[in-house]
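Q: Handing you a structure now.
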Amino acid sequence: MSALHPSNLDLDLVRTFVTICEAGTFARAAERVGRTPSAVSLQVKRLEERLGRALFLRQPRAVVPTADGEALLGLSRRLLAVNDEVVAFFDAPPMEGRVRFGAPNDSGLFALPAMLRRFAATHPQVEVDVRLDASRLLVEAVAQGDLDLVLYTGHLPSNRAAQVVHSEDLVWIGLGGGLAAARRPLPLALCQGGCTWRAAAVDALDQAGIPYRIAYTSEHCQGQIAAVEADLAVAPLPSSVARPPFQRIAALPPLGSYDVLMRLRDGAGPAARALAGHVADSVRDLPGLATRLFA
């Protein structure tokens, strides 16, 4: 039987490398992977020899990835994610059933395809019924048992019934070089009533004594963005939206942060729990995905 092709990477070495980056030291990484620090150090040496690059800068109290190490970290996470997905597919017993899944309106255009594609690859026999709606209505539906799993924006409830899968600052966004932010009353582009971002914006302006008018309302966040891009209004949006042609308006009062949360119906079955795992992983792993999950 022939040996492995020399271009193949040892995934154990790759997994240890990622663990070191996340733990910050060889000692903490060794505890997580169940090896001694010297064994972990040897694994790093083998990986560095295989790639012909130094992957870490050794410092007195920590190890920091080199530029090559930073590049490898992102690639390694993708490699391990694919490996784990393959293993999960063949290790897991076939699962059947139906999951009623709810998500914010705008996620239907951007986020859901990636989430559902990932889930269908490992659970092809599970049917998923999707409902797109406002976050407040999704929360009501899962509490009443009408949906099995929901993804929504808001704040973590005191009873911890939901899981936070992403957090981000909420900021004022205007068109770069635009004039809307200087107008008084301040023209606003907001989601419809019941949106937590709308409430945060109005409360902040009321407390600061800044006059405003609600110039544009939309069920979908893309309507807000269109009004901002036309320099007709400013809007409360995730900080990640503040890239050309948009900019953050620091002169307006702070809005705090918002969470993307996920909640399972009480008593949800294994198919719903499996989908929940894929949804959480998708939000964390796919660049820019969480910024598409609007109220």
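Identifiers in the structure tokens: chain A, B, ... in order shown; residue index from 1 per chain; ligand index from 1 in order shown.
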Quick one: contact table of region 225-279 of chain A to region 184-199 of chain A, 9 Å max, nearest atom pair and distance in Å to one decimal per residue, counting only C-alpha atoms, chain and number order, as JSON lines?
A:
```
{"residue": "A:Ile225", "atom": "CA", "partner": "A:Ala189", "partner_atom": "CA", "distance": 8.0}
{"residue": "A:Ala227", "atom": "CA", "partner": "A:Ala189", "partner_atom": "CA", "distance": 6.5}
{"residue": "A:Val228", "atom": "CA", "partner": "A:Ala189", "partner_atom": "CA", "distance": 7.3}
{"residue": "A:Leu232", "atom": "CA", "partner": "A:Pro187", "partner_atom": "CA", "distance": 7.1}
{"residue": "A:Ala233", "atom": "CA", "partner": "A:Pro187", "partner_atom": "CA", "distance": 4.8}
{"residue": "A:Val234", "atom": "CA", "partner": "A:Leu188", "partner_atom": "CA", "distance": 5.1}
{"residue": "A:Ala235", "atom": "CA", "partner": "A:Ala189", "partner_atom": "CA", "distance": 5.1}
{"residue": "A:Pro236", "atom": "CA", "partner": "A:Trp197", "partner_atom": "CA", "distance": 6.4}
{"residue": "A:Leu237", "atom": "CA", "partner": "A:Trp197", "partner_atom": "CA", "distance": 7.6}
{"residue": "A:Leu255", "atom": "CA", "partner": "A:Trp197", "partner_atom": "CA", "distance": 8.4}
{"residue": "A:Tyr258", "atom": "CA", "partner": "A:Trp197", "partner_atom": "CA", "distance": 8.1}
```
Q: Just the selected residues (N, CA, C and O atoms), exported as a tab-separated table (two decimals), in the first residue's frame, please.
A:
```tsv
chain	number	residue	atom	x	y	z
A	225	ILE	N	-31.31	51.16	3.76
A	225	ILE	CA	-30.02	51.37	3.11
A	225	ILE	C	-30.20	52.17	1.82
A	225	ILE	O	-29.39	53.03	1.48
A	227	ALA	N	-32.47	54.45	1.22
A	227	ALA	CA	-32.70	55.85	1.57
A	227	ALA	C	-31.41	56.53	1.99
A	227	ALA	O	-31.18	57.70	1.66
A	228	VAL	N	-30.56	55.82	2.72
A	228	VAL	CA	-29.27	56.37	3.13
A	228	VAL	C	-28.37	56.61	1.91
A	228	VAL	O	-27.72	57.65	1.79
A	232	LEU	N	-31.02	60.69	1.60
A	232	LEU	CA	-32.33	61.22	2.00
A	232	LEU	C	-32.54	61.10	3.51
A	232	LEU	O	-33.46	61.72	4.05
A	233	ALA	N	-31.71	60.27	4.18
A	233	ALA	CA	-31.90	60.04	5.61
A	233	ALA	C	-30.67	59.37	6.18
A	233	ALA	O	-29.77	58.96	5.44
A	234	VAL	N	-30.63	59.26	7.51
A	234	VAL	CA	-29.64	58.44	8.21
A	234	VAL	C	-30.39	57.29	8.85
A	234	VAL	O	-31.62	57.34	9.00
A	235	ALA	N	-29.66	56.24	9.24
A	235	ALA	CA	-30.33	55.06	9.78
A	235	ALA	C	-29.48	54.38	10.83
A	235	ALA	O	-28.24	54.42	10.76
A	236	PRO	N	-30.11	53.71	11.82
A	236	PRO	CA	-29.38	52.89	12.79
A	236	PRO	C	-29.11	51.52	12.17
A	236	PRO	O	-30.04	50.77	11.86
A	237	LEU	N	-27.83	51.19	11.99
A	237	LEU	CA	-27.45	49.94	11.32
A	237	LEU	C	-26.22	49.35	11.99
A	237	LEU	O	-25.52	50.03	12.75
A	255	LEU	N	-25.80	54.26	20.28
A	255	LEU	CA	-26.99	53.40	20.24
A	255	LEU	C	-26.79	52.07	20.96
A	255	LEU	O	-27.72	51.28	21.05
A	258	TYR	N	-26.37	45.30	19.57
A	258	TYR	CA	-27.51	44.39	19.38
A	258	TYR	C	-26.98	42.97	19.28
A	258	TYR	O	-25.80	42.74	19.02
```
Q: Step one, run DSSP on the backbone; step two, keep only residues of region 12-239 of chain A assigned to alpha helix (DSSP H); then write them as an MDAnalysis selection string.
A: chainID A and resid 12:23 26:33 37:51 67:91 107:110 112:122 135:143 196:208 221:229
Q: Counting only C-alpha atoms, what is within 9 Å of region 67-84 of chain A, bar same-chain residues fewer than 5 positions away, as a list of chain:residue names?
A: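 What passes the distance filter is A:Leu11, A:Val14, A:Arg15, A:Phe17, A:Val18, A:Cys21, A:Arg53, A:Ala54, A:Leu55, A:Phe56, A:Phe89, A:Asp285.
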Q: Generate a file of the selected residues that holds C-alpha atoms, formatted as a CSV table (one decimal), in the first residue's frame.
A:
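Result file is part_18.csv:
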```csv
chain,number,residue,atom,x,y,z
A,11,LEU,CA,-5.2,17.2,10.2
A,14,VAL,CA,-3.6,21.4,11.8
A,15,ARG,CA,-6.2,21.0,14.7
A,17,PHE,CA,-2.2,24.6,15.5
A,18,VAL,CA,-5.7,26.2,15.6
A,21,CYS,CA,-3.9,30.2,18.2
A,53,ARG,CA,7.5,28.5,7.3
A,54,ALA,CA,7.7,29.8,10.9
A,55,LEU,CA,4.1,29.9,12.3
A,56,PHE,CA,4.6,31.4,15.7
A,89,PHE,CA,-22.4,13.1,7.7
A,285,ASP,CA,-18.0,31.1,10.3
```
Q: Considering only C-alpha atoms, state which residue in the set A:Pro270, A:Gly277, A:Gly178, A:Pro211 is at the smallest distance from Ala230 (chain A).
A: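 Nearest candidate to Ala230 (chain A) out of A:Pro270, A:Gly277, A:Gly178, A:Pro211: A:Gly178.
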